[in-house]
file target-v1.pdb (PDB, C-alpha atoms)
ATOM      1  CA  ASP J   1     -36.113-104.882-173.377  1.00  0.00           C
ATOM      2  CA  ALA J   2     -38.305-106.975-171.142  1.00  0.00           C
ATOM      3  CA  GLY J   3     -41.743-105.405-170.782  1.00  0.00           C
ATOM      4  CA  ILE J   4     -41.435-104.104-167.244  1.00  0.00           C
ATOM      5  CA  THR J   5     -42.637-100.716-166.058  1.00  0.00           C
ATOM      6  CA  GLN J   6     -42.452 -99.193-162.624  1.00  0.00           C
ATOM      7  CA  SER J   7     -44.494 -96.339-161.215  1.00  0.00           C
ATOM      8  CA  PRO J   8     -43.893 -93.794-160.011  1.00  0.00           C
ATOM      9  CA  ARG J   9     -40.338 -93.320-161.260  1.00  0.00           C
ATOM     10  CA  HIS J  10     -39.566 -90.721-158.613  1.00  0.00           C
ATOM     11  CA  LYS J  11     -41.274 -89.986-155.318  1.00  0.00           C
ATOM     12  CA  VAL J  12     -40.578 -87.733-152.369  1.00  0.00           C
ATOM     13  CA  THR J  13     -42.577 -88.373-149.230  1.00  0.00           C
ATOM     14  CA  GLU J  14     -42.493 -87.630-145.530  1.00  0.00           C
ATOM     15  CA  THR J  15     -41.683 -89.908-142.636  1.00  0.00           C
ATOM     16  CA  GLY J  16     -44.712 -91.817-141.419  1.00  0.00           C
ATOM     17  CA  THR J  17     -46.721 -91.716-144.636  1.00  0.00           C
ATOM     18  CA  PRO J  18     -47.724 -94.858-146.531  1.00  0.00           C
ATOM     19  CA  VAL J  19     -46.198 -95.405-149.961  1.00  0.00           C
ATOM     20  CA  THR J  20     -47.055 -97.927-152.669  1.00  0.00           C
ATOM     21  CA  LEU J  21     -44.825 -98.715-155.617  1.00  0.00           C
ATOM     22  CA  ARG J  22     -46.151-100.582-158.616  1.00  0.00           C
ATOM     23  CA  CYS J  23     -44.468-102.994-160.981  1.00  0.00           C
ATOM     24  CA  HIS J  24     -46.232-104.035-164.167  1.00  0.00           C
ATOM     25  CA  GLN J  25     -45.035-106.689-166.635  1.00  0.00           C
ATOM     26  CA  THR J  26     -46.260-107.748-170.045  1.00  0.00           C
ATOM     27  CA  GLU J  27     -44.124-110.923-170.275  1.00  0.00           C
ATOM     28  CA  ASN J  28     -46.451-113.235-168.326  1.00  0.00           C
ATOM     29  CA  HIS J  29     -43.508-114.336-166.153  1.00  0.00           C
ATOM     30  CA  ARG J  30     -44.388-116.297-163.039  1.00  0.00           C
ATOM     31  CA  TYR J  31     -41.781-114.855-160.681  1.00  0.00           C
ATOM     32  CA  MET J  32     -41.586-111.202-159.669  1.00  0.00           C
ATOM     33  CA  TYR J  33     -39.162-109.572-157.240  1.00  0.00           C
ATOM     34  CA  TRP J  34     -38.602-106.305-155.388  1.00  0.00           C
ATOM     35  CA  TYR J  35     -35.034-105.186-154.656  1.00  0.00           C
ATOM     36  CA  ARG J  36     -33.534-102.108-153.145  1.00  0.00           C
ATOM     37  CA  GLN J  37     -30.172-100.703-154.170  1.00  0.00           C
ATOM     38  CA  ASP J  38     -28.077 -98.597-151.824  1.00  0.00           C
ATOM     39  CA  PRO J  39     -24.476 -97.408-152.066  1.00  0.00           C
ATOM     40  CA  GLY J  40     -22.147 -99.868-150.382  1.00  0.00           C
ATOM     41  CA  HIS J  41     -24.755-102.634-150.245  1.00  0.00           C
ATOM     42  CA  GLY J  42     -25.529-103.610-153.785  1.00  0.00           C
ATOM     43  CA  LEU J  43     -28.905-105.069-154.677  1.00  0.00           C
ATOM     44  CA  ARG J  44     -30.831-106.696-151.838  1.00  0.00           C
ATOM     45  CA  LEU J  45     -34.035-108.706-152.137  1.00  0.00           C
ATOM     46  CA  ILE J  46     -37.050-107.353-150.230  1.00  0.00           C
ATOM     47  CA  HIS J  47     -39.881-109.716-151.228  1.00  0.00           C
ATOM     48  CA  TYR J  48     -40.697-111.939-154.138  1.00  0.00           C
ATOM     49  CA  SER J  49     -43.712-113.664-155.642  1.00  0.00           C
ATOM     50  CA  TYR J  50     -43.906-117.055-157.324  1.00  0.00           C
ATOM     51  CA  GLY J  51     -47.498-116.727-158.473  1.00  0.00           C
ATOM     52  CA  VAL J  52     -50.743-114.852-157.921  1.00  0.00           C
ATOM     53  CA  LYS J  53     -51.221-114.395-154.157  1.00  0.00           C
ATOM     54  CA  ASP J  54     -48.002-116.386-153.497  1.00  0.00           C
ATOM     55  CA  THR J  55     -45.293-114.280-151.898  1.00  0.00           C
ATOM     56  CA  ASP J  56     -42.320-114.725-149.596  1.00  0.00           C
ATOM     57  CA  LYS J  57     -39.815-112.605-147.714  1.00  0.00           C
ATOM     58  CA  GLY J  58     -36.350-111.707-148.839  1.00  0.00           C
ATOM     59  CA  GLU J  59     -33.250-110.525-147.028  1.00  0.00           C
ATOM     60  CA  VAL J  60     -34.539-107.064-146.022  1.00  0.00           C
ATOM     61  CA  SER J  61     -38.312-107.415-145.670  1.00  0.00           C
ATOM     62  CA  ASP J  62     -38.897-105.562-142.378  1.00  0.00           C
ATOM     63  CA  GLY J  63     -41.129-102.509-142.921  1.00  0.00           C
ATOM     64  CA  TYR J  64     -42.352-103.700-146.321  1.00  0.00           C
ATOM     65  CA  SER J  65     -45.357-105.662-147.527  1.00  0.00           C
ATOM     66  CA  VAL J  66     -46.319-106.874-150.992  1.00  0.00           C
ATOM     67  CA  SER J  67     -49.366-108.016-152.886  1.00  0.00           C
ATOM     68  CA  ARG J  68     -49.962-109.735-156.181  1.00  0.00           C
ATOM     69  CA  SER J  69     -53.572-110.073-157.267  1.00  0.00           C
ATOM     70  CA  LYS J  70     -52.804-110.425-160.989  1.00  0.00           C
ATOM     71  CA  THR J  71     -49.945-112.071-162.856  1.00  0.00           C
ATOM     72  CA  GLU J  72     -48.851-108.767-164.344  1.00  0.00           C
ATOM     73  CA  ASP J  73     -48.835-106.563-161.224  1.00  0.00           C
ATOM     74  CA  PHE J  74     -46.695-106.685-158.088  1.00  0.00           C
ATOM     75  CA  LEU J  75     -47.117-103.963-155.475  1.00  0.00           C
ATOM     76  CA  LEU J  76     -44.647-102.959-152.783  1.00  0.00           C
ATOM     77  CA  THR J  77     -46.041-101.039-149.807  1.00  0.00           C
ATOM     78  CA  LEU J  78     -44.202 -99.133-147.134  1.00  0.00           C
ATOM     79  CA  GLU J  79     -46.850 -98.897-144.404  1.00  0.00           C
ATOM     80  CA  SER J  80     -45.119 -96.039-142.607  1.00  0.00           C
ATOM     81  CA  ALA J  81     -42.093 -94.747-144.480  1.00  0.00           C
ATOM     82  CA  THR J  82     -38.849 -94.050-142.630  1.00  0.00           C
ATOM     83  CA  SER J  83     -35.718 -92.220-143.748  1.00  0.00           C
ATOM     84  CA  SER J  84     -33.833 -95.539-143.830  1.00  0.00           C
ATOM     85  CA  GLN J  85     -36.132 -96.587-146.682  1.00  0.00           C
ATOM     86  CA  THR J  86     -34.761 -93.849-148.927  1.00  0.00           C
ATOM     87  CA  SER J  87     -33.378 -95.902-151.790  1.00  0.00           C
ATOM     88  CA  VAL J  88     -33.742 -96.918-155.406  1.00  0.00           C
ATOM     89  CA  TYR J  89     -36.236 -99.744-155.802  1.00  0.00           C
ATOM     90  CA  PHE J  90     -36.089-102.216-158.663  1.00  0.00           C
ATOM     91  CA  CYS J  91     -38.628-104.736-159.794  1.00  0.00           C
ATOM     92  CA  ALA J  92     -37.462-107.865-161.596  1.00  0.00           C
ATOM     93  CA  ILE J  93     -39.148-110.807-163.318  1.00  0.00           C
ATOM     94  CA  SER J  94     -38.130-114.309-164.264  1.00  0.00           C
ATOM     95  CA  GLU J  95     -39.577-117.484-165.759  1.00  0.00           C
ATOM     96  CA  PRO J  96     -37.229-120.294-164.705  1.00  0.00           C
ATOM     97  CA  MET J  97     -37.309-123.558-166.608  1.00  0.00           C
ATOM     98  CA  GLY J  98     -35.562-126.243-164.601  1.00  0.00           C
ATOM     99  CA  LEU J  99     -31.817-125.808-164.653  1.00  0.00           C
ATOM    100  CA  GLN J 100     -31.878-123.143-167.341  1.00  0.00           C
ATOM    101  CA  TYR J 101     -33.274-119.681-167.880  1.00  0.00           C
ATOM    102  CA  ASN J 102     -33.044-118.465-164.311  1.00  0.00           C
ATOM    103  CA  GLU J 103     -32.154-114.976-165.428  1.00  0.00           C
ATOM    104  CA  GLN J 104     -33.957-112.090-163.809  1.00  0.00           C
ATOM    105  CA  PHE J 105     -34.843-109.060-165.912  1.00  0.00           C
ATOM    106  CA  PHE J 106     -35.063-105.690-164.255  1.00  0.00           C
ATOM    107  CA  GLY J 107     -37.315-102.683-164.556  1.00  0.00           C
ATOM    108  CA  PRO J 108     -36.125 -99.058-164.763  1.00  0.00           C
ATOM    109  CA  GLY J 109     -36.349 -98.387-161.029  1.00  0.00           C
ATOM    110  CA  THR J 110     -38.125 -95.998-158.667  1.00  0.00           C
ATOM    111  CA  ARG J 111     -36.137 -93.429-156.724  1.00  0.00           C
ATOM    112  CA  LEU J 112     -37.804 -92.898-153.338  1.00  0.00           C
ATOM    113  CA  THR J 113     -36.794 -90.152-150.933  1.00  0.00           C
ATOM    114  CA  VAL J 114     -38.257 -90.115-147.422  1.00  0.00           C
ATOM    115  CA  LEU J 115     -37.778 -86.780-145.663  1.00  0.00           C
TER     116      LEU J 115
ATOM    117  CA  GLU D   1     -24.241-117.763-146.268  1.00  0.00           C
ATOM    118  CA  ASP D   2     -23.697-117.037-149.946  1.00  0.00           C
ATOM    119  CA  GLN D   3     -21.154-114.306-150.668  1.00  0.00           C
ATOM    120  CA  VAL D   4     -20.045-112.453-153.776  1.00  0.00           C
ATOM    121  CA  THR D   5     -17.015-110.157-153.886  1.00  0.00           C
ATOM    122  CA  GLN D   6     -16.209-108.095-156.946  1.00  0.00           C
ATOM    123  CA  SER D   7     -12.879-106.472-157.682  1.00  0.00           C
ATOM    124  CA  PRO D   8     -11.715-103.915-158.367  1.00  0.00           C
ATOM    125  CA  GLU D   9     -14.392-101.531-157.086  1.00  0.00           C
ATOM    126  CA  ALA D  10     -13.543 -99.127-159.882  1.00  0.00           C
ATOM    127  CA  LEU D  11     -11.444 -99.410-163.023  1.00  0.00           C
ATOM    128  CA  ARG D  12     -10.356 -96.738-165.422  1.00  0.00           C
ATOM    129  CA  LEU D  13      -9.154 -97.794-168.880  1.00  0.00           C
ATOM    130  CA  GLN D  14      -8.081 -96.065-172.025  1.00  0.00           C
ATOM    131  CA  GLU D  15     -10.017 -96.946-175.153  1.00  0.00           C
ATOM    132  CA  GLY D  16      -8.560-100.137-176.575  1.00  0.00           C
ATOM    133  CA  GLU D  17      -6.875-101.171-173.308  1.00  0.00           C
ATOM    134  CA  SER D  18      -8.112-104.703-172.512  1.00  0.00           C
ATOM    135  CA  SER D  19      -8.653-105.835-168.925  1.00  0.00           C
ATOM    136  CA  SER D  20     -10.648-108.179-166.685  1.00  0.00           C
ATOM    137  CA  LEU D  21     -13.129-107.804-163.867  1.00  0.00           C
ATOM    138  CA  ASN D  22     -13.217-110.402-161.100  1.00  0.00           C
ATOM    139  CA  CYS D  23     -16.145-111.965-159.245  1.00  0.00           C
ATOM    140  CA  SER D  24     -15.238-114.312-156.384  1.00  0.00           C
ATOM    141  CA  TYR D  25     -18.051-116.305-154.853  1.00  0.00           C
ATOM    142  CA  THR D  26     -18.871-118.645-152.005  1.00  0.00           C
ATOM    143  CA  VAL D  27     -22.058-120.644-152.428  1.00  0.00           C
ATOM    144  CA  SER D  28     -23.324-124.007-151.265  1.00  0.00           C
ATOM    145  CA  GLY D  29     -23.749-125.526-154.701  1.00  0.00           C
ATOM    146  CA  LEU D  30     -23.917-123.177-157.672  1.00  0.00           C
ATOM    147  CA  ARG D  31     -27.012-123.183-159.851  1.00  0.00           C
ATOM    148  CA  GLY D  32     -25.892-120.207-161.932  1.00  0.00           C
ATOM    149  CA  LEU D  33     -23.672-117.143-162.032  1.00  0.00           C
ATOM    150  CA  PHE D  34     -25.030-114.031-163.708  1.00  0.00           C
ATOM    151  CA  TRP D  35     -23.414-110.898-165.115  1.00  0.00           C
ATOM    152  CA  TYR D  36     -25.316-107.657-165.517  1.00  0.00           C
ATOM    153  CA  ARG D  37     -24.463-104.213-166.832  1.00  0.00           C
ATOM    154  CA  GLN D  38     -25.964-101.155-165.153  1.00  0.00           C
ATOM    155  CA  ASP D  39     -25.891 -97.656-166.600  1.00  0.00           C
ATOM    156  CA  PRO D  40     -26.432 -94.652-164.284  1.00  0.00           C
ATOM    157  CA  GLY D  41     -30.093 -94.138-163.457  1.00  0.00           C
ATOM    158  CA  LYS D  42     -31.183 -97.393-165.104  1.00  0.00           C
ATOM    159  CA  GLY D  43     -31.978-100.939-164.103  1.00  0.00           C
ATOM    160  CA  PRO D  44     -29.458-103.759-164.481  1.00  0.00           C
ATOM    161  CA  GLU D  45     -29.300-105.237-167.975  1.00  0.00           C
ATOM    162  CA  PHE D  46     -28.731-108.985-168.263  1.00  0.00           C
ATOM    163  CA  LEU D  47     -25.519-110.037-170.033  1.00  0.00           C
ATOM    164  CA  PHE D  48     -24.626-113.684-169.346  1.00  0.00           C
ATOM    165  CA  THR D  49     -25.457-116.784-167.349  1.00  0.00           C
ATOM    166  CA  LEU D  50     -22.762-119.362-166.595  1.00  0.00           C
ATOM    167  CA  TYR D  51     -23.741-122.727-165.140  1.00  0.00           C
ATOM    168  CA  SER D  52     -20.603-124.827-164.710  1.00  0.00           C
ATOM    169  CA  ALA D  53     -16.845-124.476-164.306  1.00  0.00           C
ATOM    170  CA  GLY D  54     -15.059-124.151-167.630  1.00  0.00           C
ATOM    171  CA  GLU D  55     -18.002-122.530-169.360  1.00  0.00           C
ATOM    172  CA  GLU D  56     -17.400-119.378-171.423  1.00  0.00           C
ATOM    173  CA  LYS D  57     -19.781-116.970-173.120  1.00  0.00           C
ATOM    174  CA  GLU D  58     -19.104-114.037-175.410  1.00  0.00           C
ATOM    175  CA  LYS D  59     -20.958-110.964-176.540  1.00  0.00           C
ATOM    176  CA  GLU D  60     -19.232-108.364-178.684  1.00  0.00           C
ATOM    177  CA  ARG D  61     -16.180-107.188-176.679  1.00  0.00           C
ATOM    178  CA  LEU D  62     -17.168-109.093-173.532  1.00  0.00           C
ATOM    179  CA  LYS D  63     -16.271-112.641-172.554  1.00  0.00           C
ATOM    180  CA  ALA D  64     -17.313-114.253-169.293  1.00  0.00           C
ATOM    181  CA  THR D  65     -15.558-117.291-167.831  1.00  0.00           C
ATOM    182  CA  LEU D  66     -16.251-119.444-164.778  1.00  0.00           C
ATOM    183  CA  THR D  67     -14.166-121.534-162.391  1.00  0.00           C
ATOM    184  CA  LYS D  68     -15.251-123.243-159.182  1.00  0.00           C
ATOM    185  CA  LYS D  69     -14.439-120.160-157.119  1.00  0.00           C
ATOM    186  CA  GLU D  70     -14.608-117.151-159.414  1.00  0.00           C
ATOM    187  CA  SER D  71     -15.736-115.655-162.651  1.00  0.00           C
ATOM    188  CA  PHE D  72     -13.987-113.174-164.901  1.00  0.00           C
ATOM    189  CA  LEU D  73     -15.480-110.672-167.277  1.00  0.00           C
ATOM    190  CA  HIS D  74     -12.871-109.969-169.925  1.00  0.00           C
ATOM    191  CA  ILE D  75     -13.233-106.747-171.886  1.00  0.00           C
ATOM    192  CA  THR D  76     -11.287-106.686-175.139  1.00  0.00           C
ATOM    193  CA  ALA D  77     -10.434-103.348-176.761  1.00  0.00           C
ATOM    194  CA  PRO D  78     -13.086-101.445-174.792  1.00  0.00           C
ATOM    195  CA  LYS D  79     -14.863 -98.392-176.123  1.00  0.00           C
ATOM    196  CA  PRO D  80     -16.268 -95.445-174.142  1.00  0.00           C
ATOM    197  CA  GLU D  81     -19.768 -96.896-174.517  1.00  0.00           C
ATOM    198  CA  ASP D  82     -18.657 -99.866-172.404  1.00  0.00           C
ATOM    199  CA  SER D  83     -18.489 -97.520-169.417  1.00  0.00           C
ATOM    200  CA  ALA D  84     -20.963 -98.787-166.815  1.00  0.00           C
ATOM    201  CA  THR D  85     -21.156-100.652-163.537  1.00  0.00           C
ATOM    202  CA  TYR D  86     -20.885-104.411-163.981  1.00  0.00           C
ATOM    203  CA  LEU D  87     -22.694-106.587-161.447  1.00  0.00           C
ATOM    204  CA  CYS D  88     -22.144-110.236-160.667  1.00  0.00           C
ATOM    205  CA  ALA D  89     -24.729-112.427-158.917  1.00  0.00           C
ATOM    206  CA  VAL D  90     -24.970-116.075-157.898  1.00  0.00           C
ATOM    207  CA  GLN D  91     -27.892-118.387-157.353  1.00  0.00           C
ATOM    208  CA  ALA D  92     -27.469-121.374-155.060  1.00  0.00           C
ATOM    209  CA  ARG D  93     -28.855-124.757-155.972  1.00  0.00           C
ATOM    210  CA  ASP D  94     -30.876-124.926-152.753  1.00  0.00           C
ATOM    211  CA  SER D  95     -32.340-121.411-153.033  1.00  0.00           C
ATOM    212  CA  GLY D  96     -35.232-122.333-155.255  1.00  0.00           C
ATOM    213  CA  TYR D  97     -35.712-119.716-157.933  1.00  0.00           C
ATOM    214  CA  SER D  98     -35.913-116.866-155.522  1.00  0.00           C
ATOM    215  CA  THR D  99     -32.575-115.681-154.405  1.00  0.00           C
ATOM    216  CA  LEU D 100     -29.803-114.000-156.299  1.00  0.00           C
ATOM    217  CA  THR D 101     -26.916-112.795-154.170  1.00  0.00           C
ATOM    218  CA  PHE D 102     -25.315-109.757-155.770  1.00  0.00           C
ATOM    219  CA  GLY D 103     -21.853-108.305-155.478  1.00  0.00           C
ATOM    220  CA  LYS D 104     -21.406-104.574-155.053  1.00  0.00           C
ATOM    221  CA  GLY D 105     -20.236-104.119-158.614  1.00  0.00           C
ATOM    222  CA  THR D 106     -17.243-102.795-160.527  1.00  0.00           C
ATOM    223  CA  MET D 107     -17.564 -99.310-161.967  1.00  0.00           C
ATOM    224  CA  LEU D 108     -15.789 -99.200-165.326  1.00  0.00           C
ATOM    225  CA  LEU D 109     -14.822 -95.943-167.023  1.00  0.00           C
ATOM    226  CA  VAL D 110     -13.342 -96.074-170.513  1.00  0.00           C
ATOM    227  CA  SER D 111     -11.748 -92.857-171.704  1.00  0.00           C
ATOM    228  CA  PRO D 112     -11.397 -91.997-175.404  1.00  0.00           C
TER     229      PRO D 112
END
call {"tool": "encode", "arguments": {"input": "target-v1.pdb", "output": "structure tokens"}}
result
Amino acid sequence: DAGITQSPRHKVTETGTPVTLRCHQTENHRYMYWYRQDPGHGLRLIHYSYGVKDTDKGEVSDGYSVSRSKTEDFLLTLESATSSQTSVYFCAISEPMGLQYNEQFFGPGTRLTVL
Amino acid sequence: EDQVTQSPEALRLQEGESSSLNCSYTVSGLRGLFWYRQDPGKGPEFLFTLYSAGEEKEKERLKATLTKKESFLHITAPKPEDSATYLCAVQARDSGYSTLTFGKGTMLLVSP
């Protein structure tokens, strides 16, 4: 398994509170990603990073921010959590090499419930 | 807009009963098509990457094939441990290395 950990693995919070999810990798991969997975929608990209302090928005970025101060850590922050952000969040990593090796490897996920 | 449609949504097989899962895609220039397996409560596990039409890859009882419009995941003589949700994703040539567009998955249940 790719060396990816996510913390916490489960979290219950209340509407309006800030929440930070952490992804940590030991593979030294350049790219890191945050996805959310919801029934009926599949996996959707929230934000991604292509290097330290280099990030960009994905398909569903509203209400989320990210930071990457070290190669191994990628943080996802919900500034003010809403019930619509109840979901399972996955971190992924990749180290593309030209036309090959574009695979993304996923972490175990964080189940977030916003009451 | 890139699109991925997987069918069927769910498939129930008896152990040993071979079948195929379909992934139809629309993308403006394919860089790669990816298959993943996802067990309940876990993250997706990478299975295969296919890069060009006609390419095939195999792993144990699984074989993935690719045409210009779709990919198939063939499961030969499945066992109960093959039960999982199988996800297909595409990456467009002009998306950089950022974007994978995922289908909603096919949930496979293999009964003993």
call {"tool": "closest_residue", "arguments": {"input": "target-v1.pdb", "among": "D:Asp94, D:His74, D:Lys104, D:Leu87", "to": "Glu17 in chain D", "atoms": "all atoms listed in the file"}}
result
D:His74
call {"tool": "closest_residue", "arguments": {"input": "target-v1.pdb", "among": "D:Leu73, D:Leu33, D:Leu109, D:Leu100", "to": "Ser20 in chain D", "atoms": "all atoms listed in the file"}}
result
D:Leu73
call {"tool": "axis_aligned_box", "arguments": {"input": "target-v1.pdb", "around": "range 46-62 of chain J", "padding_each_side": "4 Å", "output": "AutoDock Vina command-line options"}}
result
--center_x -42.2 --center_y -111.3 --center_z -150.4 --size_x 26.0 --size_y 19.5 --size_z 24.1
call {"tool": "resolve_selection", "arguments": {"input": "target-v1.pdb", "expression": "the PyMOL selection byres ((chain J) within 12 of (chain D))", "output": "ChimeraX atom specification"}}
result
/J:1-2,4-6,9-10,30-51,55-59,88-111
call {"tool": "write_last_selection", "arguments": {"input": "target-v1.pdb", "atoms": "C-alpha atoms", "output": "compact mmCIF listing (two decimals), keeping the file's coordinate frame"}}
result
# COMPACT_ATOMS: atom_id res chain seq x y z
CA ASP J 1 -36.11 -104.88 -173.38
CA ALA J 2 -38.30 -106.98 -171.14
CA ILE J 4 -41.44 -104.10 -167.24
CA THR J 5 -42.64 -100.72 -166.06
CA GLN J 6 -42.45 -99.19 -162.62
CA ARG J 9 -40.34 -93.32 -161.26
CA HIS J 10 -39.57 -90.72 -158.61
CA ARG J 30 -44.39 -116.30 -163.04
CA TYR J 31 -41.78 -114.86 -160.68
CA MET J 32 -41.59 -111.20 -159.67
CA TYR J 33 -39.16 -109.57 -157.24
CA TRP J 34 -38.60 -106.30 -155.39
CA TYR J 35 -35.03 -105.19 -154.66
CA ARG J 36 -33.53 -102.11 -153.15
CA GLN J 37 -30.17 -100.70 -154.17
CA ASP J 38 -28.08 -98.60 -151.82
CA PRO J 39 -24.48 -97.41 -152.07
CA GLY J 40 -22.15 -99.87 -150.38
CA HIS J 41 -24.76 -102.63 -150.24
CA GLY J 42 -25.53 -103.61 -153.78
CA LEU J 43 -28.90 -105.07 -154.68
CA ARG J 44 -30.83 -106.70 -151.84
CA LEU J 45 -34.03 -108.71 -152.14
CA ILE J 46 -37.05 -107.35 -150.23
CA HIS J 47 -39.88 -109.72 -151.23
CA TYR J 48 -40.70 -111.94 -154.14
CA SER J 49 -43.71 -113.66 -155.64
CA TYR J 50 -43.91 -117.06 -157.32
CA GLY J 51 -47.50 -116.73 -158.47
CA THR J 55 -45.29 -114.28 -151.90
CA ASP J 56 -42.32 -114.72 -149.60
CA LYS J 57 -39.82 -112.60 -147.71
CA GLY J 58 -36.35 -111.71 -148.84
CA GLU J 59 -33.25 -110.52 -147.03
CA VAL J 88 -33.74 -96.92 -155.41
CA TYR J 89 -36.24 -99.74 -155.80
CA PHE J 90 -36.09 -102.22 -158.66
CA CYS J 91 -38.63 -104.74 -159.79
CA ALA J 92 -37.46 -107.86 -161.60
CA ILE J 93 -39.15 -110.81 -163.32
CA SER J 94 -38.13 -114.31 -164.26
CA GLU J 95 -39.58 -117.48 -165.76
CA PRO J 96 -37.23 -120.29 -164.70
CA MET J 97 -37.31 -123.56 -166.61
CA GLY J 98 -35.56 -126.24 -164.60
CA LEU J 99 -31.82 -125.81 -164.65
CA GLN J 100 -31.88 -123.14 -167.34
CA TYR J 101 -33.27 -119.68 -167.88
CA ASN J 102 -33.04 -118.46 -164.31
CA GLU J 103 -32.15 -114.98 -165.43
CA GLN J 104 -33.96 -112.09 -163.81
CA PHE J 105 -34.84 -109.06 -165.91
CA PHE J 106 -35.06 -105.69 -164.26
CA GLY J 107 -37.32 -102.68 -164.56
CA PRO J 108 -36.12 -99.06 -164.76
CA GLY J 109 -36.35 -98.39 -161.03
CA THR J 110 -38.12 -96.00 -158.67
CA ARG J 111 -36.14 -93.43 -156.72
call {"tool": "atom_distance", "arguments": {"input": "target-v1.pdb", "atom1": "CA of Lys57 in chain D", "atom2": "CA of Ser24 in chain D"}}
result
17.5 Å
call {"tool": "residues_around", "arguments": {"input": "target-v1.pdb", "residues": "range 77-86 of chain J", "least_positions_apart": "3", "cutoff": "8 Å", "atoms": "only C-alpha atoms", "output": "PyMOL selection string"}}
result
chain J and resi 13-21+63-66+111-115
call {"tool": "residues_around", "arguments": {"input": "target-v1.pdb", "residues": "Leu21 in chain D", "least_positions_apart": "5", "cutoff": "12 Å", "atoms": "only C-alpha atoms", "output": "list in words"}}
result
Thr5, Gln6, Ser7, Pro8, Glu9, Ala10, Leu11, Arg12, Leu13, Trp35, Leu62, Lys63, Ala64, Thr65, Glu70, Ser71, Phe72, Leu73, His74, Ile75, Thr76, Thr85, Tyr86, Leu87, Cys88, Gly105, Thr106, Met107 and Leu108 of chain D
call {"tool": "residues_around", "arguments": {"input": "target-v1.pdb", "residues": "Pro80 in chain D", "least_positions_apart": "5", "cutoff": "7 Å", "atoms": "all atoms listed in the file", "output": "ChimeraX atom specification"}}
result
/D:15,110-112
call {"tool": "residues_around", "arguments": {"input": "target-v1.pdb", "residues": "Gly3 in chain J", "least_positions_apart": "3", "cutoff": "9 Å", "atoms": "only C-alpha atoms", "output": "number ranges by chain"}}
result
J: 24-27, 107
call {"tool": "write_last_selection", "arguments": {"input": "target-v1.pdb", "atoms": "C-alpha atoms", "output": "PDB file, in the coordinates of the input"}}
result
ATOM      1  CA  HIS J  24     -46.232-104.035-164.167  1.00  0.00           C
ATOM      2  CA  GLN J  25     -45.035-106.689-166.635  1.00  0.00           C
ATOM      3  CA  THR J  26     -46.260-107.748-170.045  1.00  0.00           C
ATOM      4  CA  GLU J  27     -44.124-110.923-170.275  1.00  0.00           C
ATOM      5  CA  GLY J 107     -37.315-102.683-164.556  1.00  0.00           C
TER       6      GLY J 107
END
call {"tool": "atom_distance", "arguments": {"input": "target-v1.pdb", "atom1": "CA of Phe74 in chain J", "atom2": "CA of Val27 in chain D"}}
result
28.9 Å
call {"tool": "atom_distance", "arguments": {"input": "target-v1.pdb", "atom1": "CA of Arg68 in chain J", "atom2": "CA of Lys53 in chain J"}}
result
5.2 Å
call {"tool": "resolve_selection", "arguments": {"input": "target-v1.pdb", "expression": "the PyMOL selection byres ((chain D and resi 55) around 6)", "output": "count of residues only"}}
result
6
call {"tool": "closest_residue", "arguments": {"input": "target-v1.pdb", "among": "J:Ser87, J:Asn28, J:Asp62, J:Asp73", "to": "Lys11 in chain J", "atoms": "all atoms listed in the file"}}
result
J:Ser87
